[in-house]
Amino acid sequence: MLEILEKTARENGLVTAFAVVGFVMLISGFLSRKLTFGRVQGSAIAILIGLALAWVGGTMSGGTKGLADLALFSGIGLMGGNMLRDFAIVATAFEVHPEEAKSAGWIGAIALLLGTVLPFIVGVGVAWAFGYRDAVSLTTIGAGAVTYIVGPVTGAAIGASSEVMALSIATGVIKAIIVMVTTPMAAKFMRLKTPRSAMVFGGLAGTVSGVSAGLAATDRKLVPYGALVATFHTGLGCLMGPSVLFFVVKVIFGN
Amino acid sequence: MIIYGTALLAVCHLMGIILGESLGRALGMTTNVGGVGIAMLLLIVLRLYLHRHGLFSPTSESGVHYWGAIYIPVVVAMAMQQNVVAALSGGPMALLAAVGSVFVCAMFVAFINRMEPEHRESPVEGGTP
């Protein structure tokens, strides 16, 4: 019996994923209503449960893809993978009011630039405080603080050691998770209410995964505006990391 | 036909990725530069065009709306496959760098958004103080 169940789940990965995620959302909605009386959004709880399950999956399998590394839940990898994530993000653009997006375009671009440079400076500073002195390591860890894709792309381009690369990726992943979890809590403080504010947030917070999950847990209507800006984040970071930013670090710290 | 909407979405998605990839190559990189953002802009423009000419039926539209609505579950599935174990074992330096950059950025978001004019319906030409 158990074997039949397992075989079915394995051979119908994506369908199993729909059922599992739907069940998690159902529980989250229930917890949201009964436990927090609607103060914490159901989707925020669902994302937290998702992260907890990712930890369980990662611990059990020893892999890097959380729950998706367990054969039973491999469909989660497809459902939450880049392809479907981006497909769904593009679909949200259907709800965008072009005037709103256009009028806040310039502030979004400024936020995007700040969102690349500021985390980089913080990352370089922390790496320096922890004893790193060479420009390559400093740049790679700084780039990891931008997003977990910018980090390894930059590191690979300028020849960082694998230990530094791992640190850089870890920094980016932790950042994405912090953004996912804390955005709903900090939404009031950040004045996340309007399309314009969401675009500023999308530019500054970076990481598509962090922004998309953070906004989803705050206000679903703001998602497309934040995502519109955030999707340029990784590209800009990968462009600036190995070039301008590396150059500046080299000038300041030598070699 | 519902598939028309989904197909339109798919074409925008693919076109965006192709353009983002080409932009990346043109800039001498192997990564995609804003492909998804370009796809979103394409969809916004195409939707306006099709609406103006009455070429998109509500049924076709629901082929896009479904995927927009499935977005949050997809994000939950994305959360389920984060490398949480590695993040937790990244050590104090990774944690400090991440917390620090999130904190600094949040301060800037709060700062910039406080400058937003109250009546957001009007164009934001007065956005700079």
# chains A, B, ... in the order shown; residues from 1 in each chain; ligands from 1

$ interface_residues --of "chain B" --to "chain A" --cutoff "7 Å" --atoms "only C-alpha atoms" --output "PyMOL selection string"
chain B and resi 9+13+31-34+36-37+39-40+43-44+64-65+67-68+70-87+90+93-95+97-102+105-106+109-110+113+123-124

$ select_by_dssp --residues "stretch 164-228 of chain A" --states "alpha helix (DSSP H)" --output "JSON, numbers by chain"
{"A": [164, 165, 166, 167, 168, 169, 170, 171, 172, 173, 174, 175, 176, 177, 178, 179, 180, 181, 182, 183, 184, 185, 186, 195, 196, 197, 198, 199, 200, 201, 202, 203, 204, 205, 208, 209, 210, 211, 212, 213, 214, 215, 216, 223, 224, 225, 226, 227, 228]}

$ closest_residue --among "A:Leu35, A:Ile110, A:Gly29, A:Val249" --to "B:Phe108" --atoms "only C-alpha atoms"
A:Ile110

$ closest_residue --among "A:Val211, A:Ala71, A:Ala19, A:Leu245" --to "A:Thr140" --atoms "only C-alpha atoms"
A:Leu245

$ atom_distance --atom1 "atom CA of A:Ala135" --atom2 "atom CA of A:Gly159"
10.8 Å

$ atom_distance --atom1 "atom CA of B:His53" --atom2 "atom CA of B:Leu8"
15.8 Å

$ atom_distance --atom1 "atom CA of B:Met15" --atom2 "atom CA of B:Ser60"
19.6 Å

$ decode --residues "stretch 11-22 of chain B" --atoms "C-alpha atoms" --output "mmCIF file, in the first residue's frame"
data_model
loop_
_atom_site.group_PDB
_atom_site.id
_atom_site.type_symbol
_atom_site.label_atom_id
_atom_site.label_comp_id
_atom_site.auth_asym_id
_atom_site.auth_seq_id
_atom_site.Cartn_x
_atom_site.Cartn_y
_atom_site.Cartn_z
ATOM 1 C CA VAL B 11 5.010 34.045 -26.015
ATOM 2 C CA CYS B 12 5.647 37.172 -23.913
ATOM 3 C CA HIS B 13 7.608 35.097 -21.408
ATOM 4 C CA LEU B 14 9.788 33.542 -24.115
ATOM 5 C CA MET B 15 10.298 36.800 -26.001
ATOM 6 C CA GLY B 16 11.319 38.517 -22.763
ATOM 7 C CA ILE B 17 13.824 35.794 -21.909
ATOM 8 C CA ILE B 18 15.270 35.886 -25.441
ATOM 9 C CA LEU B 19 15.596 39.681 -25.368
ATOM 10 C CA GLY B 20 17.086 39.573 -21.843
ATOM 11 C CA GLU B 21 19.551 36.923 -22.945
ATOM 12 C CA SER B 22 20.532 38.939 -26.022
#
